[in-house]
>>> print(open('target-v3.txt').read())   # compact mmCIF, C-alpha atoms
# COMPACT_ATOMS: atom_id res chain seq x y z
CA MET A 1247 0.00 0.00 0.00
CA THR A 1248 1.28 3.45 -0.94
CA ILE A 1249 0.67 6.23 1.58
CA ARG A 1250 -0.63 9.35 -0.13
CA VAL A 1251 0.73 12.48 1.56
CA LEU A 1252 -0.37 16.10 1.20
CA LEU A 1253 2.18 18.73 2.31
CA VAL A 1254 0.96 22.02 3.75
CA ASP A 1255 3.53 24.72 4.59
CA ASP A 1256 3.85 28.37 3.62
CA GLN A 1257 7.58 27.99 2.92
CA GLU A 1258 8.24 26.54 -0.51
CA LEU A 1259 11.77 25.46 0.36
CA VAL A 1260 10.49 23.50 3.35
CA ARG A 1261 7.96 21.71 1.16
CA ALA A 1262 10.66 20.96 -1.40
CA GLY A 1263 12.78 19.33 1.29
CA PHE A 1264 9.89 17.19 2.45
CA VAL A 1265 9.15 16.15 -1.14
CA MET A 1266 12.72 14.93 -1.56
CA VAL A 1267 12.57 12.86 1.62
CA LEU A 1268 9.13 11.38 1.04
CA SER A 1269 9.60 10.69 -2.68
CA ALA A 1270 12.59 8.52 -1.87
CA GLN A 1271 10.35 6.13 0.08
CA PRO A 1272 8.88 3.18 -1.84
CA ASP A 1273 5.70 3.25 0.24
CA MET A 1274 4.95 6.98 0.01
CA THR A 1275 3.90 9.44 -2.66
CA VAL A 1276 3.30 13.20 -2.44
CA VAL A 1277 -0.10 13.90 -3.99
CA GLY A 1278 -0.07 17.66 -3.56
CA GLU A 1279 1.31 20.77 -1.91
CA ALA A 1280 -0.39 23.82 -0.40
CA GLY A 1281 0.90 27.06 1.09
CA ASP A 1282 -1.89 27.59 3.64
CA GLY A 1283 -4.80 25.84 5.27
CA ALA A 1284 -7.45 27.19 2.92
CA ALA A 1285 -5.52 26.02 -0.13
CA ALA A 1286 -5.09 22.62 1.51
CA LEU A 1287 -8.85 22.24 2.01
CA ALA A 1288 -9.48 23.21 -1.60
CA LEU A 1289 -6.89 20.69 -2.78
CA LEU A 1290 -8.41 17.93 -0.66
CA GLY A 1291 -11.69 18.59 -2.43
CA ARG A 1292 -10.20 17.13 -5.59
CA THR A 1293 -7.27 15.02 -4.34
CA GLN A 1294 -7.33 11.96 -2.12
CA ALA A 1295 -4.76 11.80 0.68
CA ASP A 1296 -4.13 9.44 3.58
CA VAL A 1297 -1.98 11.78 5.68
CA VAL A 1298 -1.69 15.57 5.71
CA VAL A 1299 1.62 16.95 6.99
CA MET A 1300 0.51 20.33 8.33
CA ASP A 1301 2.40 23.40 9.50
CA ILE A 1302 0.70 25.29 12.34
CA ARG A 1303 1.49 28.95 11.70
CA MET A 1304 0.51 30.01 8.19
CA PRO A 1305 -1.28 32.98 6.57
CA VAL A 1306 -4.91 32.94 5.35
CA MET A 1307 -5.84 29.89 7.47
CA ASP A 1308 -3.53 28.43 10.09
CA GLY A 1309 -2.86 24.73 10.57
CA VAL A 1310 -5.03 24.38 13.67
CA GLU A 1311 -8.18 25.58 11.92
CA ALA A 1312 -7.40 23.54 8.81
CA THR A 1313 -6.83 20.47 10.98
CA ARG A 1314 -10.15 21.03 12.75
CA ARG A 1315 -12.01 21.16 9.44
CA ILE A 1316 -10.24 18.15 7.97
CA CYS A 1317 -10.85 16.01 11.06
CA ALA A 1318 -14.51 16.99 11.12
CA GLU A 1319 -14.97 14.87 8.01
CA ALA A 1320 -15.75 11.26 8.85
CA ASP A 1321 -13.54 9.82 6.12
CA GLY A 1322 -10.98 12.58 6.02
CA PRO A 1323 -7.23 12.00 6.06
CA ARG A 1324 -5.25 11.95 9.27
CA VAL A 1325 -3.20 14.99 10.18
CA LEU A 1326 0.39 15.13 11.33
CA VAL A 1327 1.21 18.61 12.63
CA LEU A 1328 4.70 20.07 12.37
CA THR A 1329 5.90 23.28 14.00
CA THR A 1330 9.11 25.15 14.68
CA PHE A 1331 7.74 26.24 18.05
CA ASP A 1332 8.28 23.80 20.92
CA THR A 1333 5.36 25.02 23.04
CA ASP A 1334 2.66 23.21 24.97
CA GLN A 1335 0.09 25.63 23.58
CA ASP A 1336 0.81 24.53 20.01
CA ALA A 1337 0.63 20.85 20.95
CA PHE A 1338 -2.59 21.31 22.89
CA ALA A 1339 -4.27 23.26 20.07
CA ALA A 1340 -3.22 20.70 17.47
CA LEU A 1341 -4.43 17.71 19.49
CA GLN A 1342 -7.72 19.33 20.39
CA ALA A 1343 -8.26 20.12 16.71
CA GLY A 1344 -7.90 16.44 15.92
CA ALA A 1345 -4.26 15.94 14.91
CA SER A 1346 -2.96 12.39 15.28
CA ALA A 1347 0.67 13.46 15.66
CA PHE A 1348 2.73 16.44 16.73
CA LEU A 1349 6.38 16.83 15.72
CA LEU A 1350 8.96 19.58 15.53
CA LYS A 1351 10.19 20.53 12.07
CA ASN A 1352 13.77 19.85 13.11
CA SER A 1353 12.95 16.23 13.94
CA PRO A 1354 15.18 13.73 12.09
CA PRO A 1355 13.76 12.56 8.72
CA GLU A 1356 13.53 9.02 10.06
CA GLN A 1357 11.23 10.21 12.84
CA LEU A 1358 8.99 12.03 10.37
CA LEU A 1359 8.75 8.97 8.12
CA GLU A 1360 7.96 6.72 11.07
CA ALA A 1361 5.28 9.15 12.24
CA ILE A 1362 3.65 9.24 8.81
CA ARG A 1363 3.54 5.44 8.66
CA THR A 1364 2.17 5.23 12.21
CA VAL A 1365 -0.56 7.78 11.55
CA ALA A 1366 -1.48 6.14 8.23
CA ALA A 1367 -1.93 2.86 10.09
CA GLY A 1368 -4.53 4.47 12.33
CA GLU A 1369 -2.40 5.07 15.40
CA SER A 1370 -1.31 8.26 17.14
CA VAL A 1371 2.25 9.43 17.71
CA VAL A 1372 1.70 11.39 20.91
CA ALA A 1373 1.71 9.21 24.02
CA PRO A 1374 -1.54 9.25 26.06
CA ARG A 1375 0.39 10.28 29.19
CA VAL A 1376 1.73 13.33 27.31
CA THR A 1377 -1.79 14.13 26.17
CA ARG A 1378 -3.05 13.80 29.74
CA ALA A 1379 -0.36 16.16 31.04
CA LEU A 1380 -1.31 18.75 28.41
CA LEU A 1381 -5.01 18.43 29.19
CA ASP A 1382 -4.39 18.74 32.92
CA ARG A 1383 -2.58 21.99 32.24
CA PHE A 1384 -5.02 23.47 29.73
CA ALA A 1385 -8.30 21.90 30.89
CA GLY A 1386 -9.86 25.33 31.33
CA GLN A 1387 -9.48 25.98 27.61
CA LEU A 1388 -11.42 22.93 26.46
CA THR A 1389 -14.27 23.92 24.21
CA LEU A 1390 -16.76 21.42 25.67
CA PRO A 1391 -16.03 21.26 29.42
CA GLY A 1392 -18.26 18.86 31.29
CA ARG A 1393 -20.64 18.41 28.36
CA ALA A 1394 -22.85 15.36 28.68
CA ASP A 1395 -22.54 13.09 25.68
CA GLY A 1396 -25.23 10.56 24.81
CA ARG A 1397 -22.72 8.33 23.05
CA LEU A 1398 -21.43 7.18 26.44
CA SER A 1399 -24.68 5.29 26.97
CA GLU A 1400 -23.69 3.06 24.05
CA LEU A 1401 -20.71 1.73 25.99
CA THR A 1402 -20.90 -1.33 28.21
CA ASP A 1403 -19.72 -0.96 31.80
CA ARG A 1404 -16.43 -2.68 30.91
CA GLU A 1405 -15.89 -0.47 27.86
CA ARG A 1406 -16.44 2.63 29.95
CA GLU A 1407 -13.96 1.30 32.51
CA VAL A 1408 -11.40 0.73 29.76
CA LEU A 1409 -11.97 4.26 28.43
CA GLU A 1410 -11.35 5.73 31.89
CA LEU A 1411 -8.09 3.80 32.19
CA VAL A 1412 -7.00 4.85 28.71
CA ALA A 1413 -7.71 8.46 29.67
CA ALA A 1414 -5.56 7.95 32.76
CA GLY A 1415 -2.65 7.20 30.42
CA LEU A 1416 -2.42 3.44 30.91
CA SER A 1417 -1.19 1.20 28.10
CA ASN A 1418 -3.15 -1.84 26.93
CA ALA A 1419 -0.80 -4.10 28.89
CA GLU A 1420 -1.27 -2.04 32.05
CA ILE A 1421 -5.04 -2.05 31.62
CA ALA A 1422 -5.00 -5.82 31.11
CA GLY A 1423 -3.10 -6.22 34.36
CA ARG A 1424 -5.46 -3.91 36.21
CA LEU A 1425 -8.57 -5.69 34.95
CA HIS A 1426 -7.07 -9.21 35.03
CA VAL A 1427 -7.86 -9.90 31.39
CA ALA A 1428 -5.80 -10.66 28.28
CA GLU A 1429 -4.24 -7.74 26.42
CA SER A 1430 -6.06 -8.89 23.27
CA THR A 1431 -9.33 -8.45 25.17
CA VAL A 1432 -8.42 -4.86 26.02
CA LYS A 1433 -7.62 -4.19 22.35
CA THR A 1434 -11.01 -5.58 21.36
CA HIS A 1435 -12.81 -3.41 23.92
CA PHE A 1436 -10.90 -0.33 22.83
CA GLY A 1437 -11.61 -0.94 19.16
CA ARG A 1438 -15.32 -1.06 19.99
CA ILE A 1439 -14.98 2.16 22.03
CA LEU A 1440 -13.45 4.00 19.08
CA ALA A 1441 -16.18 2.73 16.75
CA LYS A 1442 -19.07 3.55 19.08
CA LEU A 1443 -17.77 7.01 20.01
CA GLU A 1444 -16.62 7.77 16.46
CA LEU A 1445 -13.09 8.56 17.62
CA ARG A 1446 -9.95 8.27 15.51
CA ASP A 1447 -7.33 6.98 17.93
CA ARG A 1448 -6.09 6.73 21.51
CA VAL A 1449 -5.14 10.39 21.85
CA HIS A 1450 -8.58 11.54 20.74
CA ALA A 1451 -10.15 9.15 23.22
CA VAL A 1452 -8.26 10.92 26.01
CA VAL A 1453 -9.35 14.34 24.74
CA PHE A 1454 -12.95 13.13 24.50
CA ALA A 1455 -12.89 11.82 28.08
CA TYR A 1456 -11.78 15.23 29.33
CA GLU A 1457 -14.23 17.19 27.20
CA ILE A 1458 -17.26 15.32 28.52
CA GLY A 1459 -16.05 15.34 32.11
CA LEU A 1460 -15.52 11.57 32.34
CA VAL A 1461 -12.16 12.32 33.95
CA LYS A 1462 -11.14 15.43 35.85
CA PRO A 1463 -7.83 17.31 35.69
CA GLY A 1464 -5.34 16.01 38.21
CA THR A 1465 -7.29 12.86 39.06
>>> encode(input="target-v3.txt", output="structure tokens")
Amino acid sequence: MTIRVLLVDDQELVRAGFVMVLSAQPDMTVVGEAGDGAAALALLGRTQADVVVMDIRMPVMDGVEATRRICAEADGPRVLVLTTFDTDQDAFAALQAGASAFLLKNSPPEQLLEAIRTVAAGESVVAPRVTRALLDRFAGQLTLPGRADGRLSELTDREREVLELVAAGLSNAEIAGRLHVAESTVKTHFGRILAKLELRDRVHAVVFAYEIGLVKPGT
């Protein structure tokens, strides 16, 4: 399977560098380039992509807003956000918008390629414990604090328990040990959680748990 990548960055030289790196990979192809978020959305209207590599700070429409709009589409591509600014605010904004990964632009090429492959496979690159730390810090800025969500009623008691443990930052193996079940059983439960709640990956499950008040900051 070839991973189709769309590059979004307002610096043409940066995009050219990414094209060189990605085009050298047998399992990747660059399907388009855009200089801002609005242009990226327009391009996605006529081009299919699996992963969007998105800069955060751009003119016309920044990467956070573009990410939010892309991730609002049920079958939209996954977004990997890149930034030159190593700030918690950038990471928090990107994750809340729906990004599946957050990397610095000066990350080694190997790390970028690994992140693209991971995101294309349906996983997230940011560890749940990192996500939890960010949400604890910026919980007051969540757009849906304490909002009741009817989708929770679709979960079984065990699925809800698994979701709470995921939101606490536990790995599948740790959850299996806590609940005294096989790790494969935890994976099955979590897959059903993602499907029922219409979530993309583990990081978004943590964000969701905070937004609806299932877990509280610092607990």
>>> closest_residue(input="target-v3.txt", among="A:Ala1339, A:Val1408, A:Val1254, A:Val1327", to="Glu1429 in chain A", atoms="only C-alpha atoms")
A:Val1408
>>> residues_near_point(input="target-v3.txt", point="(-3.5, 6.0, 8.8)", cutoff="10 Å", atoms="only C-alpha atoms", output="list in words")
Ile1249, Arg1250, Asp1296, Val1297, Pro1323, Arg1324, Val1325, Ser1346, Ala1361, Ile1362, Arg1363, Thr1364, Val1365, Ala1366, Ala1367, Gly1368, Glu1369, Ser1370, Arg1446 and Asp1447 of chain A
>>> atom_distance(input="target-v3.txt", atom1="CA of Leu1326 in chain A", atom2="CA of Leu1445 in chain A")
16.3 Å
>>> closest_residue(input="target-v3.txt", among="A:Gln1357, A:Asn1352, A:Gln1342, A:Thr1434", to="Cys1317 in chain A", atoms="all atoms listed in the file")
A:Gln1342
>>> residues_around(input="target-v3.txt", residues="Met1304 in chain A", least_positions_apart="3", cutoff="10 Å", atoms="all atoms listed in the file", output="VMD selection string")
chain A and resid 1254 to 1257 1281 to 1284 1300 to 1301 1307 to 1310
>>> closest_residue(input="target-v3.txt", among="A:Ala1312, A:Arg1404, A:Gly1415, A:Met1266", to="Thr1431 in chain A", atoms="all atoms listed in the file")
A:Arg1404
>>> residues_around(input="target-v3.txt", residues="Leu1350 in chain A", least_positions_apart="4", cutoff="12 Å", atoms="all atoms listed in the file", output="PyMOL selection string")
chain A and resi 1299-1302+1326-1334+1336-1337+1354-1355+1357-1358+1361
>>> atom_distance(input="target-v3.txt", atom1="CA of Glu1258 in chain A", atom2="CA of Val1306 in chain A")
15.8 Å
>>> closest_residue(input="target-v3.txt", among="A:Asp1321, A:Leu1416, A:Gly1278, A:Lys1433", to="Val1452 in chain A", atoms="all atoms listed in the file")
A:Leu1416
>>> atom_distance(input="target-v3.txt", atom1="CA of Met1274 in chain A", atom2="CA of Val1251 in chain A")
7.1 Å
>>> closest_residue(input="target-v3.txt", among="A:Leu1443, A:Glu1360, A:Val1276, A:Leu1411", to="Ile1458 in chain A", atoms="all atoms listed in the file")
A:Leu1443
>>> closest_residue(input="target-v3.txt", among="A:Leu1252, A:Leu1341, A:Val1277, A:Ala1286", to="Val1298 in chain A", atoms="only C-alpha atoms")
A:Leu1252
